[in-house]
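K.L.:
My structure is stored as model-v2.cif, with mmCIF, C-alpha atoms.
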data_protein
loop_
_atom_site.label_atom_id
_atom_site.label_comp_id
_atom_site.auth_asym_id
_atom_site.auth_seq_id
_atom_site.Cartn_x
_atom_site.Cartn_y
_atom_site.Cartn_z
CA MET T 1 13.82 11.18 -5.63
CA ARG T 2 11.62 10.38 -2.68
CA ALA T 3 11.26 6.64 -2.04
CA VAL T 4 7.76 5.22 -2.19
CA THR T 5 6.96 2.69 0.51
CA THR T 6 4.03 0.32 0.74
CA SER T 7 1.94 -0.16 3.82
CA PRO T 8 1.71 -3.81 4.96
CA ARG T 9 -2.07 -3.52 4.67
CA THR T 10 -1.90 -2.55 0.99
CA GLU T 11 1.13 -4.63 0.06
CA ASP T 12 0.98 -6.61 -3.18
CA PRO T 13 0.07 -10.20 -2.18
CA ARG T 14 3.02 -11.48 -4.22
CA ALA T 15 5.40 -9.60 -1.94
CA SER T 16 4.52 -11.89 0.96
CA GLY T 17 5.01 -15.05 -1.08
CA VAL T 18 8.12 -17.21 -1.43
CA ASP T 19 9.61 -18.71 -4.60
CA VAL T 20 12.24 -21.46 -4.31
CA ILE T 21 14.63 -21.53 -7.27
CA LEU T 22 16.02 -24.98 -8.05
CA PRO T 23 18.69 -25.14 -10.79
CA CYS T 24 18.39 -28.56 -12.39
CA LEU T 25 20.55 -30.66 -14.70
CA ASN T 26 19.57 -34.33 -14.87
CA GLU T 27 18.07 -34.56 -11.38
CA ALA T 28 14.96 -36.66 -12.18
CA GLU T 29 15.82 -39.15 -9.44
CA ALA T 30 16.18 -36.50 -6.74
CA LEU T 31 13.22 -34.31 -7.69
CA PRO T 32 10.46 -36.19 -5.80
CA TRP T 33 12.40 -35.95 -2.51
CA VAL T 34 13.26 -32.27 -3.03
CA LEU T 35 9.83 -31.08 -4.17
CA ALA T 36 8.04 -32.97 -1.39
CA ARG T 37 9.97 -30.80 1.10
CA ILE T 38 9.03 -27.42 -0.32
CA PRO T 39 7.00 -25.74 2.46
CA GLU T 40 3.28 -25.50 1.85
CA GLY T 41 2.24 -22.30 0.11
CA TRP T 42 5.64 -21.72 -1.46
CA ARG T 43 6.27 -22.09 -5.19
CA ALA T 44 9.01 -24.33 -6.58
CA ILE T 45 10.67 -23.02 -9.75
CA VAL T 46 12.72 -25.78 -11.36
CA VAL T 47 15.12 -24.33 -13.92
CA ASP T 48 15.97 -27.06 -16.42
CA ASN T 49 19.47 -26.44 -17.76
CA GLY T 50 19.46 -28.95 -20.59
CA SER T 51 18.50 -32.19 -18.84
CA THR T 52 18.28 -35.37 -20.89
CA ASP T 53 16.70 -37.59 -18.22
CA GLY T 54 13.17 -36.17 -18.24
CA SER T 55 13.75 -33.87 -15.25
CA ALA T 56 11.53 -31.10 -16.64
CA ARG T 57 8.67 -33.49 -17.31
CA ARG T 58 8.90 -35.01 -13.85
CA ALA T 59 9.12 -31.61 -12.14
CA ARG T 60 6.02 -30.43 -13.95
CA ALA T 61 4.15 -33.60 -13.03
CA LEU T 62 5.06 -33.00 -9.40
CA GLY T 63 3.54 -29.52 -9.47
CA ALA T 64 6.61 -27.34 -9.96
CA THR T 65 6.83 -24.37 -12.29
CA VAL T 66 9.41 -25.26 -14.96
CA VAL T 67 11.67 -22.72 -16.64
CA HIS T 68 14.03 -23.71 -19.45
CA GLU T 69 17.49 -22.13 -19.66
CA GLU T 70 19.44 -23.26 -22.71
CA ARG T 71 22.69 -21.57 -21.76
CA ARG T 72 24.65 -24.05 -19.65
CA GLY T 73 25.98 -22.88 -16.32
CA PHE T 74 24.92 -22.85 -12.68
CA GLY T 75 24.69 -19.07 -12.67
CA ALA T 76 22.67 -19.04 -15.88
CA ALA T 77 20.12 -21.40 -14.33
CA CYS T 78 19.96 -19.49 -11.04
CA HIS T 79 19.49 -16.14 -12.74
CA ALA T 80 16.83 -17.50 -15.09
CA GLY T 81 14.93 -18.62 -12.00
CA LEU T 82 15.40 -15.23 -10.34
CA THR T 83 14.04 -13.36 -13.34
CA ALA T 84 11.10 -15.78 -13.59
CA ALA T 85 10.24 -15.39 -9.89
CA THR T 86 7.46 -13.04 -8.81
CA ALA T 87 7.39 -13.50 -5.02
CA GLY T 88 8.78 -10.85 -2.69
CA ILE T 89 11.23 -13.33 -1.17
CA VAL T 90 13.27 -15.87 -3.13
CA CYS T 91 15.27 -18.86 -1.98
CA PHE T 92 17.90 -20.91 -3.76
CA CYS T 93 18.50 -24.61 -3.19
CA ASP T 94 20.34 -27.36 -5.04
CA CYS T 95 18.12 -29.90 -6.74
CA ASP T 96 20.23 -32.99 -5.96
CA ALA T 97 18.74 -33.91 -2.53
CA SER T 98 21.88 -32.81 -0.68
CA LEU T 99 19.96 -30.00 1.03
CA ASP T 100 16.45 -30.02 2.47
CA PRO T 101 14.45 -26.98 1.27
CA SER T 102 12.22 -27.15 4.35
CA LEU T 103 15.25 -25.79 6.26
CA LEU T 104 14.61 -22.47 4.52
CA ARG T 105 11.66 -21.60 6.78
CA PRO T 106 13.74 -19.81 9.47
CA PHE T 107 15.81 -18.13 6.73
CA VAL T 108 12.64 -16.62 5.28
CA ARG T 109 11.45 -15.48 8.73
CA GLU T 110 14.77 -13.75 9.33
CA VAL T 111 14.58 -11.83 6.05
CA ARG T 112 10.87 -11.07 6.41
CA ASP T 113 11.36 -9.76 9.95
CA GLY T 114 14.15 -7.45 8.79
CA ARG T 115 16.87 -9.15 10.84
CA ALA T 116 18.97 -9.95 7.76
CA ASP T 117 19.10 -9.10 4.07
CA LEU T 118 20.80 -12.29 2.88
CA VAL T 119 20.80 -15.57 4.81
CA LEU T 120 23.19 -18.37 3.87
CA GLY T 121 23.33 -22.02 4.90
CA ARG T 122 26.64 -23.29 6.26
CA ARG T 123 26.85 -26.92 5.15
CA ARG T 124 27.64 -29.50 7.82
CA PRO T 125 28.27 -32.96 6.26
CA GLN T 126 26.12 -35.72 7.74
CA ALA T 127 27.90 -38.69 6.16
CA ARG T 128 31.27 -39.65 4.75
CA GLY T 129 31.53 -38.51 1.17
CA ALA T 130 28.78 -35.90 1.43
CA TRP T 131 31.33 -33.16 0.86
CA PRO T 132 34.58 -34.34 -0.79
CA ALA T 133 37.84 -33.10 0.70
CA HIS T 134 38.88 -31.26 -2.46
CA ALA T 135 35.54 -29.40 -2.56
CA ARG T 136 35.87 -28.38 1.09
CA ALA T 137 39.44 -27.20 0.51
CA GLY T 138 38.34 -25.06 -2.42
CA ASN T 139 35.48 -23.61 -0.39
CA LEU T 140 37.81 -22.76 2.51
CA ALA T 141 40.26 -21.01 0.20
CA LEU T 142 37.47 -18.95 -1.32
CA ALA T 143 36.09 -18.03 2.11
CA ARG T 144 39.52 -16.67 3.05
CA MET T 145 39.77 -14.66 -0.17
CA LEU T 146 36.26 -13.35 0.43
CA ARG T 147 37.27 -12.17 3.90
CA ARG T 148 40.21 -10.24 2.45
CA ARG T 149 37.98 -8.71 -0.23
CA THR T 150 34.94 -7.78 1.88
CA GLY T 151 35.74 -8.37 5.56
CA LEU T 152 33.00 -11.00 5.81
CA ARG T 153 33.87 -13.90 8.10
CA LEU T 154 31.80 -16.55 6.36
CA ARG T 155 32.73 -20.21 6.64
CA ASP T 156 30.83 -21.48 3.61
CA LEU T 157 29.59 -20.23 0.26
CA GLY T 158 26.86 -22.82 -0.07
CA PRO T 159 23.86 -22.70 -2.39
CA LEU T 160 21.10 -22.64 0.27
CA ARG T 161 20.16 -18.97 0.66
CA THR T 162 17.32 -16.46 0.99
CA ALA T 163 16.87 -12.78 0.13
CA ARG T 164 14.30 -10.35 -1.23
CA ARG T 165 13.84 -10.61 -4.99
CA GLU T 166 13.92 -6.97 -6.12
CA PRO T 167 17.12 -6.04 -4.24
CA LEU T 168 18.80 -9.16 -5.67
CA LEU T 169 17.89 -8.11 -9.18
CA ALA T 170 19.20 -4.62 -8.42
CA LEU T 171 22.64 -6.06 -7.63
CA GLY T 172 23.10 -6.58 -11.39
CA LEU T 173 24.67 -10.04 -11.16
CA THR T 174 26.54 -10.90 -14.35
CA ASP T 175 28.33 -14.22 -13.72
CA ARG T 176 26.58 -17.15 -15.36
CA ARG T 177 28.91 -19.93 -14.27
CA SER T 178 30.10 -21.19 -10.90
CA GLY T 179 30.91 -17.69 -9.67
CA TYR T 180 27.27 -16.64 -9.40
CA PRO T 181 26.75 -17.54 -5.70
CA LEU T 182 29.96 -15.77 -4.72
CA GLN T 183 29.18 -12.69 -6.82
CA MET T 184 25.86 -12.44 -5.02
CA VAL T 185 27.62 -12.34 -1.65
CA VAL T 186 30.34 -9.92 -2.80
CA ARG T 187 27.93 -7.44 -4.31
CA ALA T 188 25.57 -7.72 -1.36
CA ALA T 189 28.47 -6.95 0.97
CA ASP T 190 29.52 -4.00 -1.21
CA ALA T 191 25.95 -2.69 -0.96
CA GLY T 192 26.03 -2.86 2.85
CA TRP T 193 23.64 -5.79 3.27
CA ARG T 194 23.41 -7.62 6.59
CA ILE T 195 24.51 -11.18 5.84
CA THR T 196 23.98 -14.05 8.27
CA GLU T 197 25.06 -17.68 8.16
CA HIS T 198 23.45 -20.69 9.87
CA ASP T 199 24.33 -24.37 10.06
CA VAL T 200 22.38 -26.79 7.86
CA PRO T 201 22.85 -30.57 7.45
CA TYR T 202 24.50 -31.55 4.18
CA LEU T 203 23.55 -34.96 2.81
CA PRO T 204 25.16 -37.15 0.14
CA ARG T 205 23.78 -35.97 -3.17
CA THR T 206 21.72 -38.14 -5.50
CA GLY T 207 23.55 -38.78 -8.78
CA ALA T 208 26.85 -37.39 -10.02
CA SER T 209 28.03 -33.89 -9.17
CA LYS T 210 28.21 -31.48 -12.13
CA VAL T 211 30.72 -29.13 -10.49
CA THR T 212 32.62 -30.21 -7.37
CA GLY T 213 32.51 -33.98 -7.79
CA THR T 214 36.00 -33.96 -9.31
CA TRP T 215 39.24 -32.07 -8.80
CA ARG T 216 38.84 -30.60 -12.29
CA GLY T 217 35.31 -29.40 -11.58
CA THR T 218 36.39 -27.91 -8.28
CA TRP T 219 39.32 -26.14 -9.91
CA GLN T 220 37.05 -24.65 -12.58
CA ALA T 221 34.66 -23.42 -9.89
CA VAL T 222 37.49 -21.86 -7.89
CA ARG T 223 38.79 -20.21 -11.05
CA ASP T 224 35.36 -18.74 -11.83
CA MET T 225 35.00 -17.46 -8.28
CA SER T 226 38.52 -16.02 -8.22
CA ARG T 227 37.56 -13.84 -11.18
CA VAL T 228 34.61 -12.54 -9.18
CA LEU T 229 36.84 -11.67 -6.24
CA ALA T 230 39.18 -9.80 -8.57
CA GLU T 231 36.39 -7.42 -9.60
CA PRO T 232 36.82 -3.92 -8.13
CA ALA T 233 34.14 -2.74 -5.76
CA PRO T 234 31.93 -0.50 -7.92
CA ALA T 235 29.92 2.49 -6.80
CA ARG T 236 26.38 1.16 -6.51
CA PRO T 237 23.01 2.87 -6.15
CA ARG T 238 21.17 2.46 -2.88
CA THR T 239 19.45 -0.91 -2.66
CA ARG T 240 16.20 -1.43 -0.79
CA THR T 241 15.34 -4.71 0.89
CA GLY T 242 11.86 -3.92 2.09
CA PRO T 243 9.31 -1.17 2.72
CA GLY T 244 11.16 1.87 4.03
CA VAL T 245 14.46 0.01 4.57
CA ASP T 246 17.66 1.21 2.93
CA VAL T 247 20.45 -1.26 3.67
CA ASN T 248 23.17 1.24 2.74
CA THR T 249 22.36 3.22 5.88
CA ARG T 250 23.38 0.27 8.06
CA MET T 251 26.82 0.20 9.58
CA GLY T 252 28.78 -2.98 9.02
CA THR T 253 27.81 -6.52 8.09
CA GLY T 254 26.93 -9.12 10.67
CA VAL T 255 27.65 -12.82 10.31
CA GLN T 256 26.10 -15.18 12.82
CA GLY T 257 26.42 -18.93 13.36
CA GLY T 258 24.05 -21.56 14.63
CA THR T 259 20.52 -22.40 13.60
CA PRO T 260 17.88 -19.66 13.77
CA GLN T 261 14.89 -20.37 15.93
#
Translate the structure of the given file into structure tokens.
P.N.:
Amino acid sequence: MRAVTTSPRTEDPRASGVDVILPCLNEAEALPWVLARIPEGWRAIVVDNGSTDGSARRARALGATVVHEERRGFGAACHAGLTAATAGIVCFCDCDASLDPSLLRPFVREVRDGRADLVLGRRRPQARGAWPAHARAGNLALARMLRRRTGLRLRDLGPLRTARREPLLALGLTDRRSGYPLQMVVRAADAGWRITEHDVPYLPRTGASKVTGTWRGTWQAVRDMSRVLAEPAPARPRTRTGPGVDVNTRMGTGVQGGTPQ
């Protein structure tokens, strides 16, 4: 079937927009800081995952679009936000004030300009305790397993990321727990996407961590992600990332470091 492309002059206005997906579980204290840093003109989608501290009410009062996801799990919240998004480009960011969503601007430019299909933030701790040793160790182990599985030389599997919405949906992500971010990277790599990585400052989070704040939480996350890495590489249909661009025709996957200008 012949692909239909859209001229930039007749492109749906939503395709040029940006939605920022913010999975949220009891982050009422951090929300004002996070939402104040969403770039002007972008839409914040706060996905409430069963908060009991009034997070949804506060997010709505601060101008965010609120989506409720009753099924607990980081992946469940992220995917609910993805399916609720309408913009051509979507971003993901934690809602605990550990990452500044304004840092997503160059990520979006890189995707919009066609220089990358998925852009990830490599977390660089800015204070003692921002990234516990056990969480870093788990992340390093997963990065090594990811390299063996896909050949990608990533140094972090952090939550700050940007891609085009429709190709992400086409990846058919199924994990609804801690393995969701990793499954996104694995399936993107299997589809031949260009994946880049750039340093971002990582701040001490506001409130208690729901996943990697404890050894037990970290172990559960590593276990979820190990299941993802054990999945065989399936035969996937061609995935488009923009008008007239078929990422499966690209040779190899590039990973870059540093901060995009």
K.L.:
With the file shown as input, list the residues that the PyMOL selection byres ((chain T and resi 54) around 10) selects, as a ChimeraX atom specification.
P.N.:
/T:25-29,48,50-53,55-59
K.L.:
Can you pull out every residue within 12 Å of Cys93 of chain T, counting all atoms listed in the file, but drop anything in the same chain fewer than 5 positions away, and send it as a PyMOL selection string?
P.N.:
chain T and resi 19-24+31+34-35+37-38+44-47+74+77-78+81+98-104+120-121+158-162+181+200+202
K.L.:
Ranking T:Ala133, T:Ile89, T:Leu169, T:Ala61 by minimum distance to Trp42 of chain T and counting only C-alpha atoms, which one comes first?
P.N.:
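Nearest to Trp42 of chain T: T:Ile89.
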K.L.:
Work out how far apart atom CA of Arg112 of chain T and atom CA of Val186 of chain T are and give it in Å to one decimal.
P.N.:
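Distance reported for this atom pair: 21.6 Å.
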K.L.:
Applying the PyMOL selection byres ((chain T and resi 189) around 10) to the file I just gave you, which residues come out? Please list them as a VMD selection string.
P.N.:
chain T and resid 118 149 to 152 183 to 188 190 to 195 233 248 252 to 253
K.L.:
Go ahead and compute the interatomic distance for atom CA of Leu203 of chain T and atom CA of Arg177 of chain T, in Å to one decimal.
P.N.:
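According to the coordinates, atom CA of Leu203 of chain T and atom CA of Arg177 of chain T are separated by 23.4 Å.
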K.L.:
For Pro32 of chain T, which residue among T:Gly114, T:Val18, T:Ala170, T:Thr206 is the nearest when counting all atoms listed in the file?
P.N.:
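The shortest atom-to-atom distance to Pro32 of chain T comes from T:Thr206.
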K.L.:
Taking into account all atoms listed in the file, which residue in the set T:Thr174, T:Gln126, T:Thr196, T:Asn49 is nearest to Leu157 of chain T?
P.N.:
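Nearest candidate to Leu157 of chain T out of T:Thr174, T:Gln126, T:Thr196, T:Asn49: T:Thr196.
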K.L.:
As an exercise, work out the distance from atom CA of Val108 of chain T to atom CA of Leu154 of chain T in Å and give it to one decimal place.
P.N.:
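Separation between atom CA of Val108 of chain T and atom CA of Leu154 of chain T: 19.2 Å.
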K.L.:
Nearest to Gly41 of chain T: which of T:Arg128, T:His198, T:Arg105, T:Arg123 is it, counting only C-alpha atoms?
P.N.:
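Comparing T:Arg128, T:His198, T:Arg105, T:Arg123 against Gly41 of chain T, the winner is T:Arg105.
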K.L.:
Which residue, T:Leu182, T:Ala30, T:Ala230, T:Ala116, has the smallest gap to Cys95 of chain T when you use all atoms listed in the file?
P.N.:
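Counting all atoms listed in the file, the residue closest to Cys95 of chain T is T:Ala30.
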K.L.:
Expand the PyMOL selection byres ((chain T and resi 139) around 9) into the individual residues it matches in the shown file, reporting them as a PyMOL selection string.
P.N.:
chain T and resi 134-138+140-144+155-158+222
